[in-house]
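Here the structure is laid out as structure tokens; the discussion comes afterwards.
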Amino acid sequence: MVKFSIFASLIKAMSIALSEQEILRRESLQQLRELGINPYPAEAFNVTAFAQDIKDNFESNPDTYQNVVLAGRIMTRRIMGSASFAELQDSTGRLQVYLKRDDICPGEDKTLYNTVFKKLLDIGDYIGIKGYVFLTQTGEISVHVRELIILSKSLKPLPVVKRDEEGNIHDGFTDPELRYRQRYVDLTVNPEYKQIFIKRSKVISSMRDYFNTQGWIEVETPILQPVHGGAAARPFITHHNTLDMQLYLRIANELYLKRLIVAGFDGVYEFGKMFRNEGMDRTHNPEFTSVEIYVAYKDYIWMMAMVEACLEHVTRAVHGIPVVQVGENEINFEGPYTKLSMYDSILKYTGIDVSAMDEAALRKTCADLGIEIDDTMGKGKLIDEIFSAKVEANLIQPTYITDYPIEMTPLAKKHRSKDGLVERFELFVNGKEIANAYSELNDPIDQRQRLEEQLILAGRGDQEAMAMDDDFLRALEYGMPPTSGLGIGIDRLVMLMTNQHTIQEVLFFPQMRPEKKAKVVTTDDFVKIGVPAEWVPVLNKMGFNTVEELKAANPNKVFNDLGGMRKKLKLEITMPVKDVVMAWFV
RNA sequence: GAUUCCGUAGCUCAGCCGGUAGAGCAUAACACUUUUAAUGUUGGGGUCCUGGGUUCGAAUCCCAGCGGGAUCACCA
């Protein structure tokens, strides 16, 4: 282009913060409008076919694909004069399309092909096509385009991921930070990751189906809670203005679901987000999804069988078989699972019998095993430390660990026959806990005592000790039937089901630190001190994002640099005279 | 929170013992009517994360900060 149009120059002046490719796309956008083409049409575009379906079924049934309508993003283009190939990506996959100039431009006017398709469309643009499916000379199923419609112009260039014939990826979009912060880009250019989220959805929906089939009902309980109960963890704190009171984001929903059992439901369950104000790593996100279910007149023995049936159902729904490959291990979710008591598991993997030890003996055992402990830890916590350090990693196939010490489990019923233990199990798979269940404590007097013991632990400095919940105790005093309850960490279950080893890969939007925010650029502030609006982006480009930064600079140097920038950026805007520039600094 | 590695073009990455920036893809122009990691020719594109320090000179060396990854600690 010999000369910028006024418009192009204006775009350029306003877009100095943009990359070259972004500026070009904005110019293409404007040229489309000048040609009378709306780059963002309002009308619905009804598709009749999908990429994957065409690839699967065209060859066995070619006649049904002689008139297809598809929509999606242009992902690659191979232009050869008056004919071109492009790849269109829809929600199901990619399909090659073939465009021939004289087919999409049957008349004299070849603008749609020569200008719109070849010059003004880019990778990432949404288009709709109408045409027929055929086989190219090299045997690839393709759509011969008869009609081309622009559905949405993309202004930022997508990363281009190249794949060769063997499926090797060459210029992958792999930076985890960018992938998690811009999941929309990740899933566009790495569509294979969509499978993780499709499976995630299947895990939840198949589990919901299973529960509903049993006649249990799905409920919703408060996320904002005046007392955070039901688990041991530090909460997020918030404030309600009208009530002028502190509220907590729930760390668990257990105590509310039990209130509903008191209310007379036989089975209630809730899928939902829980919030814990603790560390983040590859198995922890501050908000995570769990499912909890409570069933009246059952105990934890019954619950084990239920979990086996449920997880087998889920695994079959996701994989077709009850077996899933996780890293090196092939994990089989068919029940019954191995059962091992907490004490027996420690005996098995360390050779030490801790069942009769007091707190002092446990402390010595931890020291002997080289396990770090501190003074706030009670007997239950010490046993848990030994278990975590020595046993957990060995539990690869689904294994129930049962009968926990009473000190670490204030909401579970005392064991029917073993003193000092509670009726509890946790399910371990691939070395990680994924489920936790009790015969729920329904003796209100016992429950009050246990919560009071937690208060003592809190007094010793345990920030995760449970809080007293008087309303929950009141509910128990009215009477809760014998009940078994279960919680499953959905994110971790999905990690297992999709063979992922970080939680970030199974969350669409994992928690991240906020992006560094560019200082707010306020054109108005610059205009107020006399800077012409079209020069503000130039000052920004020179590194002056606020009036204060500008005023701190050397006026003569700024004046000289403005001229330099004008030349460098080939701007066709009027250079302010020196006196005007000097006036900015008074 | 601790340790450690990383931050260079839209993306993936080189850049040595300090001398003012490179490749592939993407992008622009031209050619090309069945290509497919299309091809050929010629271009353009950079706050080398930020701020200090050392130096005649810093993407490079040193310090601090910001962001991310990995491992550990806490937790589910």
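Naming works like this for the structure tokens: A, B, ... for the chains as they're shown, residue 1 at the start of each chain, ligands 1 onward in shown order.
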
Provide as number ranges by chain the residues of chain A at most 9 Å from chain B, counting only C-alpha atoms (C1' of nucleotides). A: 19-22, 24, 78-85, 96, 98, 100-101, 136-138, 140, 156-165, 169-177, 232-233, 276, 278-280, 283-284, 288, 433-434, 489, 492, 513, 515-516, 541-543

Could you list, as a ChimeraX atom specification, every residue within 12 Å of A58 (chain B), counting only C-alpha atoms (C1' of nucleotides) and ignoring same-chain residues fewer than 3 positions away? /B:18-20,48,53-55,61-62

Output file for the selection above: N, CA and C atoms (P, O5', C5', C4', C3', O3' and C1' of nucleotides), as a CSV table (one decimal), in the first residue's frame:
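And here's again_27.csv as it stands now:
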chain,number,residue,atom,x,y,z
B,18,G,P,31.1,-13.6,29.3
B,18,G,O5',30.4,-13.1,28.0
B,18,G,C5',29.0,-13.2,27.8
B,18,G,C4',28.5,-11.9,27.2
B,18,G,C3',29.3,-11.4,26.0
B,18,G,O3',28.5,-10.7,25.2
B,18,G,C1',29.3,-9.8,27.8
B,19,G,P,28.6,-11.0,23.6
B,19,G,O5',28.6,-9.5,22.9
B,19,G,C5',27.5,-8.6,23.0
B,19,G,C4',27.7,-7.5,22.1
B,19,G,C3',28.1,-7.8,20.7
B,19,G,O3',27.6,-6.8,19.9
B,19,G,C1',29.8,-6.6,21.7
B,20,U,P,26.6,-7.1,18.6
B,20,U,O5',25.2,-6.4,19.0
B,20,U,C5',24.3,-7.1,19.8
B,20,U,C4',23.1,-6.2,20.0
B,20,U,C3',22.7,-5.4,18.7
B,20,U,O3',21.3,-5.3,18.6
B,20,U,C1',23.0,-4.0,20.5
B,48,C,P,13.2,-5.2,25.1
B,48,C,O5',13.0,-6.8,25.1
B,48,C,C5',12.9,-7.4,26.4
B,48,C,C4',13.0,-8.9,26.2
B,48,C,C3',13.8,-9.6,27.3
B,48,C,O3',13.2,-10.9,27.5
B,48,C,C1',14.8,-10.0,25.2
B,53,G,P,21.3,1.7,38.9
B,53,G,O5',22.4,0.6,39.3
B,53,G,C5',22.8,0.4,40.7
B,53,G,C4',23.6,-0.8,40.9
B,53,G,C3',24.9,-0.9,40.0
B,53,G,O3',25.9,-0.2,40.5
B,53,G,C1',23.7,-3.0,40.0
B,54,U,P,27.0,0.5,39.5
B,54,U,O5',27.8,-0.8,39.0
B,54,U,C5',28.6,-1.5,39.9
B,54,U,C4',29.2,-2.7,39.2
B,54,U,C3',30.0,-2.3,38.0
B,54,U,O3',31.3,-1.8,38.2
B,54,U,C1',28.6,-4.2,37.6
B,55,U,P,31.8,-0.5,37.5
B,55,U,O5',31.9,-0.9,36.0
B,55,U,C5',32.8,-2.0,35.6
B,55,U,C4',32.6,-2.3,34.2
B,55,U,C3',32.6,-1.2,33.2
B,55,U,O3',33.9,-0.7,32.8
B,55,U,C1',30.8,-2.7,32.8
B,61,C,P,23.7,-15.3,32.4
B,61,C,O5',24.7,-14.4,33.3
B,61,C,C5',26.1,-14.8,33.5
B,61,C,C4',26.7,-13.9,34.5
B,61,C,C3',25.9,-13.5,35.7
B,61,C,O3',25.9,-14.6,36.7
B,61,C,C1',26.9,-11.6,34.9
B,62,C,P,24.6,-14.8,37.7
B,62,C,O5',24.8,-13.5,38.7
B,62,C,C5',25.9,-13.4,39.6
B,62,C,C4',25.7,-12.2,40.5
B,62,C,C3',24.3,-12.0,41.1
B,62,C,O3',24.2,-12.8,42.3
B,62,C,C1',24.9,-10.0,40.1

Quick one: everything within 12 Å of Phe509 (chain A), counting only C-alpha atoms (C1' of nucleotides), minus sequence neighbours fewer than 4 positions away in the same chain. Send it as JSON, numbers by chain. {"A": [176, 177, 178, 179, 180, 181, 182, 183, 184, 186, 187, 197, 285, 286, 287, 288, 503, 504, 505, 513]}

Selection near region 380-392 of chain A, 9 Å with only C-alpha atoms (C1' of nucleotides), sequence-local residues under 6 positions removed, as a ChimeraX atom specification: /A:342-343,345-346,348-350,354,359,362-363,365-366,369,371-373,404-409,428,430-433

Looking only at strand (DSSP E) from DSSP on the backbone, list the matching residues of region 65-279 of chain A as a ChimeraX atom specification. /A:68-80,83-90,93-100,126-135,141-152,217-218,224-225,237-240,245-249,267-275

Determine which residues of region 293-476 of chain A DSSP labels as helix (DSSP H, G or I) from the backbone of this structure, then write them out as a tab-separated table (two decimals) with N, CA, C and O atoms, in the first residue's frame.
chain	number	residue	atom	x	y	z
A	300	TYR	N	-21.98	-48.35	57.44
A	300	TYR	CA	-20.83	-48.22	56.52
A	300	TYR	C	-20.52	-49.52	55.79
A	300	TYR	O	-19.88	-49.50	54.75
A	301	ILE	N	-20.96	-50.66	56.34
A	301	ILE	CA	-20.78	-51.93	55.63
A	301	ILE	C	-21.62	-51.92	54.34
A	301	ILE	O	-21.13	-52.26	53.25
A	302	TRP	N	-22.86	-51.48	54.49
A	302	TRP	CA	-23.73	-51.36	53.31
A	302	TRP	C	-23.13	-50.39	52.31
A	302	TRP	O	-23.15	-50.60	51.09
A	303	MET	N	-22.57	-49.30	52.84
A	303	MET	CA	-22.04	-48.25	51.97
A	303	MET	C	-20.90	-48.77	51.09
A	303	MET	O	-20.75	-48.36	49.94
A	304	MET	N	-20.10	-49.68	51.64
A	304	MET	CA	-18.99	-50.22	50.83
A	304	MET	C	-19.52	-50.89	49.57
A	304	MET	O	-18.99	-50.69	48.47
A	305	ALA	N	-20.59	-51.66	49.73
A	305	ALA	CA	-21.16	-52.34	48.56
A	305	ALA	C	-21.74	-51.33	47.59
A	305	ALA	O	-21.65	-51.49	46.36
A	306	MET	N	-22.36	-50.28	48.14
A	306	MET	CA	-22.94	-49.25	47.26
A	306	MET	C	-21.84	-48.58	46.44
A	306	MET	O	-21.99	-48.37	45.23
A	307	VAL	N	-20.74	-48.22	47.10
A	307	VAL	CA	-19.64	-47.55	46.39
A	307	VAL	C	-19.09	-48.45	45.28
A	307	VAL	O	-18.81	-47.99	44.16
A	308	GLU	N	-18.95	-49.73	45.57
A	308	GLU	CA	-18.45	-50.65	44.54
A	308	GLU	C	-19.37	-50.67	43.32
A	308	GLU	O	-18.92	-50.56	42.18
A	309	ALA	N	-20.67	-50.77	43.58
A	309	ALA	CA	-21.62	-50.80	42.46
A	309	ALA	C	-21.61	-49.49	41.70
A	309	ALA	O	-21.64	-49.46	40.46
A	310	CYS	N	-21.55	-48.39	42.46
A	310	CYS	CA	-21.61	-47.06	41.84
A	310	CYS	C	-20.38	-46.80	40.98
A	310	CYS	O	-20.48	-46.37	39.83
A	311	LEU	N	-19.19	-47.07	41.52
A	311	LEU	CA	-17.97	-46.78	40.76
A	311	LEU	C	-17.81	-47.71	39.56
A	311	LEU	O	-17.28	-47.31	38.52
A	312	GLU	N	-18.29	-48.93	39.69
A	312	GLU	CA	-18.25	-49.81	38.52
A	312	GLU	C	-19.17	-49.25	37.42
A	312	GLU	O	-18.79	-49.20	36.25
A	313	HIS	N	-20.33	-48.78	37.84
A	313	HIS	CA	-21.27	-48.17	36.90
A	313	HIS	C	-20.64	-46.96	36.20
A	313	HIS	O	-20.72	-46.81	34.98
A	314	VAL	N	-19.98	-46.11	36.99
A	314	VAL	CA	-19.37	-44.90	36.44
A	314	VAL	C	-18.25	-45.27	35.46
A	314	VAL	O	-18.15	-44.72	34.36
A	315	THR	N	-17.39	-46.21	35.86
A	315	THR	CA	-16.26	-46.58	35.01
A	315	THR	C	-16.75	-47.16	33.69
A	315	THR	O	-16.21	-46.86	32.62
A	316	ARG	N	-17.79	-47.97	33.77
A	316	ARG	CA	-18.35	-48.53	32.53
A	316	ARG	C	-18.94	-47.43	31.66
A	316	ARG	O	-18.83	-47.46	30.43
A	317	ALA	N	-19.56	-46.44	32.29
A	317	ALA	CA	-20.17	-45.36	31.51
A	317	ALA	C	-19.10	-44.56	30.78
A	317	ALA	O	-19.29	-44.11	29.65
A	318	VAL	N	-17.94	-44.38	31.42
A	318	VAL	CA	-16.89	-43.56	30.83
A	318	VAL	C	-16.06	-44.36	29.83
A	318	VAL	O	-15.70	-43.85	28.76
A	319	HIS	N	-15.75	-45.63	30.18
A	319	HIS	CA	-14.80	-46.40	29.37
A	319	HIS	C	-15.39	-47.61	28.68
A	319	HIS	O	-14.70	-48.27	27.90
A	342	MET	N	-7.39	-49.70	59.60
A	342	MET	CA	-6.30	-48.73	59.73
A	342	MET	C	-5.09	-49.36	60.43
A	342	MET	O	-3.97	-49.30	59.93
A	343	TYR	N	-5.34	-49.98	61.58
A	343	TYR	CA	-4.23	-50.57	62.35
A	343	TYR	C	-3.57	-51.71	61.56
A	343	TYR	O	-2.35	-51.82	61.51
A	344	ASP	N	-4.37	-52.55	60.95
A	344	ASP	CA	-3.80	-53.67	60.18
A	344	ASP	C	-2.97	-53.18	59.00
A	344	ASP	O	-1.96	-53.79	58.64
A	345	SER	N	-3.42	-52.08	58.40
A	345	SER	CA	-2.67	-51.59	57.23
A	345	SER	C	-1.30	-51.09	57.68
A	345	SER	O	-0.31	-51.32	56.98
A	346	ILE	N	-1.24	-50.44	58.86
A	346	ILE	CA	0.06	-49.97	59.36
A	346	ILE	C	0.94	-51.17	59.73
A	346	ILE	O	2.13	-51.20	59.41
A	347	LEU	N	0.31	-52.15	60.35
A	347	LEU	CA	1.05	-53.37	60.68
A	347	LEU	C	1.61	-54.02	59.41
A	347	LEU	O	2.77	-54.44	59.36
A	348	LYS	N	0.77	-54.06	58.38
A	348	LYS	CA	1.17	-54.74	57.14
A	348	LYS	C	2.37	-54.05	56.48
A	348	LYS	O	3.28	-54.71	55.98
A	349	TYR	N	2.37	-52.71	56.45
A	349	TYR	CA	3.41	-52.01	55.69
A	349	TYR	C	4.57	-51.52	56.53
A	349	TYR	O	5.57	-51.06	56.00
A	350	THR	N	4.46	-51.57	57.89
A	350	THR	CA	5.61	-51.16	58.71
A	350	THR	C	6.05	-52.26	59.67
A	350	THR	O	7.13	-52.18	60.25
A	359	GLU	N	-0.38	-41.81	73.41
A	359	GLU	CA	0.16	-40.70	72.62
A	359	GLU	C	1.70	-40.67	72.66
A	359	GLU	O	2.34	-40.45	71.63
A	360	ALA	N	2.27	-40.92	73.83
A	360	ALA	CA	3.72	-40.87	73.96
A	360	ALA	C	4.39	-41.95	73.10
A	360	ALA	O	5.39	-41.69	72.41
A	361	ALA	N	3.82	-43.14	73.12
A	361	ALA	CA	4.39	-44.24	72.33
A	361	ALA	C	4.28	-43.93	70.84
A	361	ALA	O	5.20	-44.21	70.05
A	362	LEU	N	3.17	-43.31	70.47
A	362	LEU	CA	3.00	-42.94	69.05
A	362	LEU	C	4.03	-41.90	68.63
A	362	LEU	O	4.59	-41.97	67.54
A	363	ARG	N	4.28	-40.95	69.53
A	363	ARG	CA	5.29	-39.92	69.21
A	363	ARG	C	6.65	-40.56	68.98
A	363	ARG	O	7.38	-40.20	68.05
A	364	LYS	N	6.98	-41.54	69.82
A	364	LYS	CA	8.27	-42.21	69.67
A	364	LYS	C	8.32	-42.99	68.35
A	364	LYS	O	9.32	-42.97	67.64
A	365	THR	N	7.19	-43.65	68.03
A	365	THR	CA	7.14	-44.41	66.78
A	365	THR	C	7.35	-43.49	65.58
A	365	THR	O	8.10	-43.81	64.66
A	366	CYS	N	6.69	-42.33	65.60
A	366	CYS	CA	6.87	-41.38	64.50
A	366	CYS	C	8.34	-40.98	64.39
A	366	CYS	O	8.89	-40.93	63.29
A	367	ALA	N	8.94	-40.69	65.53
A	367	ALA	CA	10.35	-40.29	65.53
A	367	ALA	C	11.21	-41.40	64.94
A	367	ALA	O	12.08	-41.16	64.09
A	368	ASP	N	10.95	-42.66	65.36
A	368	ASP	CA	11.72	-43.79	64.84
A	368	ASP	C	11.57	-43.93	63.33
A	368	ASP	O	12.51	-44.32	62.63
A	369	LEU	N	10.37	-43.62	62.83
A	369	LEU	CA	10.11	-43.78	61.40
A	369	LEU	C	10.54	-42.55	60.60
A	369	LEU	O	10.41	-42.51	59.38
A	379	LYS	N	-3.63	-37.96	69.31
A	379	LYS	CA	-3.38	-39.37	69.00
A	379	LYS	C	-3.85	-39.74	67.59
A	379	LYS	O	-3.12	-40.39	66.82
A	380	GLY	N	-5.05	-39.28	67.25
A	380	GLY	CA	-5.60	-39.60	65.93
A	380	GLY	C	-4.74	-39.07	64.81
A	380	GLY	O	-4.46	-39.76	63.82
A	381	LYS	N	-4.29	-37.82	64.97
A	381	LYS	CA	-3.49	-37.19	63.93
A	381	LYS	C	-2.14	-37.90	63.77
A	381	LYS	O	-1.64	-38.06	62.65
A	382	LEU	N	-1.58	-38.36	64.89
A	382	LEU	CA	-0.29	-39.06	64.82
A	382	LEU	C	-0.42	-40.36	64.02
A	382	LEU	O	0.43	-40.69	63.19
A	383	ILE	N	-1.50	-41.09	64.28
A	383	ILE	CA	-1.72	-42.34	63.53
A	383	ILE	C	-1.90	-42.03	62.05
A	383	ILE	O	-1.35	-42.71	61.18
A	384	ASP	N	-2.64	-40.93	61.78
A	384	ASP	CA	-2.85	-40.55	60.40
A	384	ASP	C	-1.52	-40.22	59.71
A	384	ASP	O	-1.32	-40.54	58.53
A	385	GLU	N	-0.62	-39.59	60.45
A	385	GLU	CA	0.69	-39.25	59.88
A	385	GLU	C	1.45	-40.52	59.48
A	385	GLU	O	2.05	-40.58	58.41
A	386	ILE	N	1.42	-41.51	60.36
A	386	ILE	CA	2.11	-42.77	60.05
A	386	ILE	C	1.49	-43.41	58.81
A	386	ILE	O	2.18	-43.84	57.88
A	387	PHE	N	0.17	-43.40	58.80
A	387	PHE	CA	-0.55	-44.00	57.67
A	387	PHE	C	-0.18	-43.30	56.36
A	387	PHE	O	0.15	-43.94	55.36
A	388	SER	N	-0.22	-41.96	56.38
A	388	SER	CA	0.07	-41.21	55.16
A	388	SER	C	1.48	-41.48	54.66
A	388	SER	O	1.71	-41.61	53.47
A	389	ALA	N	2.41	-41.56	55.61
A	389	ALA	CA	3.81	-41.68	55.22
A	389	ALA	C	4.14	-43.09	54.74
A	389	ALA	O	4.95	-43.26	53.83
A	390	LYS	N	3.53	-44.09	55.35
A	390	LYS	CA	4.01	-45.45	55.10
A	390	LYS	C	3.05	-46.35	54.34
A	390	LYS	O	3.45	-47.35	53.77
A	392	GLU	N	-0.25	-45.23	52.47
A	392	GLU	CA	-1.06	-44.71	51.36
A	392	GLU	C	-0.55	-45.07	49.97
A	392	GLU	O	-1.31	-45.57	49.13
A	393	ALA	N	0.73	-44.83	49.75
A	393	ALA	CA	1.27	-44.98	48.40
A	393	ALA	C	1.18	-46.42	47.90
A	393	ALA	O	1.27	-46.67	46.70
A	394	ASN	N	1.00	-47.37	48.83
A	394	ASN	CA	0.94	-48.77	48.42
A	394	ASN	C	-0.44	-49.21	47.93
A	394	ASN	O	-0.59	-50.31	47.41
A	406	ILE	N	-10.97	-42.82	67.07
A	406	ILE	CA	-12.08	-41.91	67.32
A	406	ILE	C	-11.64	-40.45	67.31
A	406	ILE	O	-12.40	-39.56	66.90
A	407	GLU	N	-10.37	-40.17	67.68
A	407	GLU	CA	-9.93	-38.78	67.82
A	407	GLU	C	-9.96	-38.01	66.51
A	407	GLU	O	-10.09	-36.79	66.50
A	408	MET	N	-9.77	-38.69	65.38
A	408	MET	CA	-9.68	-37.95	64.13
A	408	MET	C	-11.02	-37.89	63.40
A	408	MET	O	-11.08	-37.40	62.28
A	444	PRO	N	-27.01	-37.54	70.01
A	444	PRO	CA	-26.75	-36.10	70.17
A	444	PRO	C	-25.83	-35.79	71.34
A	444	PRO	O	-25.06	-34.81	71.29
A	445	ILE	N	-25.89	-36.60	72.37
A	445	ILE	CA	-25.05	-36.31	73.54
A	445	ILE	C	-23.59	-36.64	73.24
A	445	ILE	O	-22.68	-35.85	73.50
A	446	ASP	N	-23.39	-37.80	72.61
A	446	ASP	CA	-22.05	-38.17	72.18
A	446	ASP	C	-21.50	-37.11	71.20
A	446	ASP	O	-20.35	-36.68	71.31
A	447	GLN	N	-22.36	-36.68	70.27
A	447	GLN	CA	-21.91	-35.71	69.27
A	447	GLN	C	-21.47	-34.41	69.92
A	447	GLN	O	-20.44	-33.84	69.57
A	448	ARG	N	-22.22	-33.96	70.95
A	448	ARG	CA	-21.85	-32.72	71.62
A	448	ARG	C	-20.47	-32.87	72.29
A	448	ARG	O	-19.61	-31.99	72.17
A	449	GLN	N	-20.27	-34.02	72.94
A	449	GLN	CA	-18.97	-34.24	73.59
A	449	GLN	C	-17.82	-34.23	72.59
A	449	GLN	O	-16.77	-33.63	72.81
A	450	ARG	N	-18.05	-34.88	71.45
A	450	ARG	CA	-16.99	-34.97	70.45
A	450	ARG	C	-16.64	-33.59	69.90
A	450	ARG	O	-15.47	-33.29	69.66
A	451	LEU	N	-17.65	-32.77	69.69
A	451	LEU	CA	-17.36	-31.43	69.19
A	451	LEU	C	-16.67	-30.59	70.25
A	451	LEU	O	-15.80	-29.76	69.94
A	452	GLU	N	-17.00	-30.84	71.51
A	452	GLU	CA	-16.30	-30.13	72.58
A	452	GLU	C	-14.82	-30.52	72.61
A	452	GLU	O	-13.95	-29.68	72.86
A	453	GLU	N	-14.54	-31.80	72.33
A	453	GLU	CA	-13.13	-32.22	72.25
A	453	GLU	C	-12.40	-31.49	71.11
A	453	GLU	O	-11.22	-31.17	71.21
A	454	GLN	N	-13.14	-31.24	70.03
A	454	GLN	CA	-12.54	-30.49	68.92
A	454	GLN	C	-12.19	-29.08	69.37
A	454	GLN	O	-11.17	-28.53	68.97
A	455	LEU	N	-13.06	-28.51	70.21
A	455	LEU	CA	-12.76	-27.16	70.71
A	455	LEU	C	-11.46	-27.14	71.50
A	455	LEU	O	-10.70	-26.18	71.44
A	456	ILE	N	-11.22	-28.23	72.24
A	456	ILE	CA	-9.98	-28.31	73.00
A	456	ILE	C	-8.79	-28.35	72.04
A	456	ILE	O	-7.78	-27.66	72.23
A	457	LEU	N	-8.92	-29.16	70.96
A	457	LEU	CA	-7.85	-29.20	69.96
A	457	LEU	C	-7.61	-27.82	69.35
A	457	LEU	O	-6.47	-27.40	69.16
A	458	ALA	N	-8.71	-27.12	69.10
A	458	ALA	CA	-8.59	-25.77	68.55
A	458	ALA	C	-7.82	-24.90	69.53
A	458	ALA	O	-6.98	-24.09	69.13
A	459	GLY	N	-8.10	-25.09	70.82
A	459	GLY	CA	-7.39	-24.33	71.85
A	459	GLY	C	-5.90	-24.63	71.85
A	459	GLY	O	-5.08	-23.78	72.17
A	470	ASP	N	-24.50	-25.43	67.01
A	470	ASP	CA	-25.61	-25.69	67.93
A	470	ASP	C	-26.89	-26.09	67.21
A	470	ASP	O	-27.65	-26.92	67.70
A	471	ASP	N	-27.12	-25.51	66.06
A	471	ASP	CA	-28.34	-25.87	65.35
A	471	ASP	C	-28.29	-27.32	64.86
A	471	ASP	O	-29.28	-28.05	64.89
A	472	PHE	N	-27.10	-27.74	64.43
A	472	PHE	CA	-26.96	-29.14	64.01
A	472	PHE	C	-27.22	-30.07	65.20
A	472	PHE	O	-27.93	-31.08	65.07
A	473	LEU	N	-26.69	-29.72	66.35
A	473	LEU	CA	-26.94	-30.55	67.54
A	473	LEU	C	-28.42	-30.56	67.90
A	473	LEU	O	-28.97	-31.61	68.27
A	474	ARG	N	-29.07	-29.42	67.76
A	474	ARG	CA	-30.51	-29.37	68.02
A	474	ARG	C	-31.25	-30.33	67.09
A	474	ARG	O	-32.15	-31.06	67.51
A	475	ALA	N	-30.85	-30.35	65.83
A	475	ALA	CA	-31.49	-31.27	64.88
A	475	ALA	C	-31.32	-32.71	65.34
A	475	ALA	O	-32.27	-33.50	65.32
A	476	LEU	N	-30.09	-33.04	65.76
A	476	LEU	CA	-29.85	-34.42	66.22
A	476	LEU	C	-30.70	-34.75	67.44
A	476	LEU	O	-31.14	-35.89	67.61

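Distance check against Lys298 (chain A) using only C-alpha atoms: of A:Asn277, A:Ser484, A:Gln89, A:Asn190, the minimum falls on A:Ser484.
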
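Once region 114-120 of chain A and its same-chain neighbours fewer than 2 positions away are set aside, Arg25, Ser28, Leu29, Gln31, Leu32, Ile79, Ser82, Arg101, Lys110, Thr111, Leu112 and Asp122 of chain A remain within 8 Å of it when counting only C-alpha atoms (C1' of nucleotides).
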
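Between CA of Leu493 (chain A) and CA of Gly93 (chain A) the interatomic distance comes to 26.8 Å.
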
Considering only C-alpha atoms (C1' of nucleotides), return as a ChimeraX atom specification whatever protein or nucleic-acid residues lie within 12 Å of Ser142 (chain A), sequence-local ones (same chain, fewer than 6 positions apart) excluded. /A:51-52,54-55,58-59,62,65-66,68,70,84-88,94-99,131-136 /B:34-36

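Take CA of Ile488 (chain A) and CA of Trp216 (chain A): the distance between them is 16.3 Å.
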
Near Glu218 (chain A), within 8 Å and counting only C-alpha atoms (C1' of nucleotides), which residues show up once chain neighbours fewer than 5 positions away are dropped, as an MDAnalysis selection string? chainID A and resid 212 268:270

Please save all heavy atoms of the selected residues as a PDB file, in the first residue's frame.
ATOM      1  N   ASN A 212     -30.170 -41.554  41.280  1.00  0.00           N
ATOM      2  CA  ASN A 212     -31.593 -41.343  41.001  1.00  0.00           C
ATOM      3  C   ASN A 212     -32.316 -42.670  40.839  1.00  0.00           C
ATOM      4  O   ASN A 212     -33.464 -42.816  41.283  1.00  0.00           O
ATOM      5  CB  ASN A 212     -31.773 -40.490  39.742  1.00  0.00           C
ATOM      6  CG  ASN A 212     -31.409 -39.033  39.988  1.00  0.00           C
ATOM      7  OD1 ASN A 212     -31.324 -38.598  41.138  1.00  0.00           O
ATOM      8  ND2 ASN A 212     -31.191 -38.292  38.920  1.00  0.00           N
ATOM      9  N   VAL A 268     -30.438 -38.470  50.367  1.00  0.00           N
ATOM     10  CA  VAL A 268     -30.196 -37.168  49.749  1.00  0.00           C
ATOM     11  C   VAL A 268     -28.749 -37.107  49.285  1.00  0.00           C
ATOM     12  O   VAL A 268     -27.863 -37.663  49.912  1.00  0.00           O
ATOM     13  CB  VAL A 268     -30.463 -35.993  50.724  1.00  0.00           C
ATOM     14  CG1 VAL A 268     -31.938 -35.880  51.049  1.00  0.00           C
ATOM     15  CG2 VAL A 268     -29.629 -36.123  51.986  1.00  0.00           C
ATOM     16  N   TYR A 269     -28.555 -36.437  48.151  1.00  0.00           N
ATOM     17  CA  TYR A 269     -27.175 -36.243  47.695  1.00  0.00           C
ATOM     18  C   TYR A 269     -27.039 -34.867  47.073  1.00  0.00           C
ATOM     19  O   TYR A 269     -28.025 -34.268  46.634  1.00  0.00           O
ATOM     20  CB  TYR A 269     -26.761 -37.334  46.701  1.00  0.00           C
ATOM     21  CG  TYR A 269     -27.432 -37.265  45.355  1.00  0.00           C
ATOM     22  CD1 TYR A 269     -26.855 -36.559  44.296  1.00  0.00           C
ATOM     23  CD2 TYR A 269     -28.637 -37.918  45.118  1.00  0.00           C
ATOM     24  CE1 TYR A 269     -27.467 -36.498  43.063  1.00  0.00           C
ATOM     25  CE2 TYR A 269     -29.250 -37.868  43.881  1.00  0.00           C
ATOM     26  CZ  TYR A 269     -28.661 -37.151  42.853  1.00  0.00           C
ATOM     27  OH  TYR A 269     -29.268 -37.085  41.629  1.00  0.00           O
ATOM     28  N   GLU A 270     -25.810 -34.362  47.061  1.00  0.00           N
ATOM     29  CA  GLU A 270     -25.532 -33.047  46.488  1.00  0.00           C
ATOM     30  C   GLU A 270     -24.166 -33.058  45.820  1.00  0.00           C
ATOM     31  O   GLU A 270     -23.168 -33.420  46.441  1.00  0.00           O
ATOM     32  CB  GLU A 270     -25.561 -31.969  47.586  1.00  0.00           C
ATOM     33  CG  GLU A 270     -25.241 -30.568  47.050  1.00  0.00           C
ATOM     34  CD  GLU A 270     -25.366 -29.456  48.096  1.00  0.00           C
ATOM     35  OE1 GLU A 270     -25.385 -29.767  49.302  1.00  0.00           O
ATOM     36  OE2 GLU A 270     -25.450 -28.289  47.692  1.00  0.00           O
TER      37      GLU A 270
END
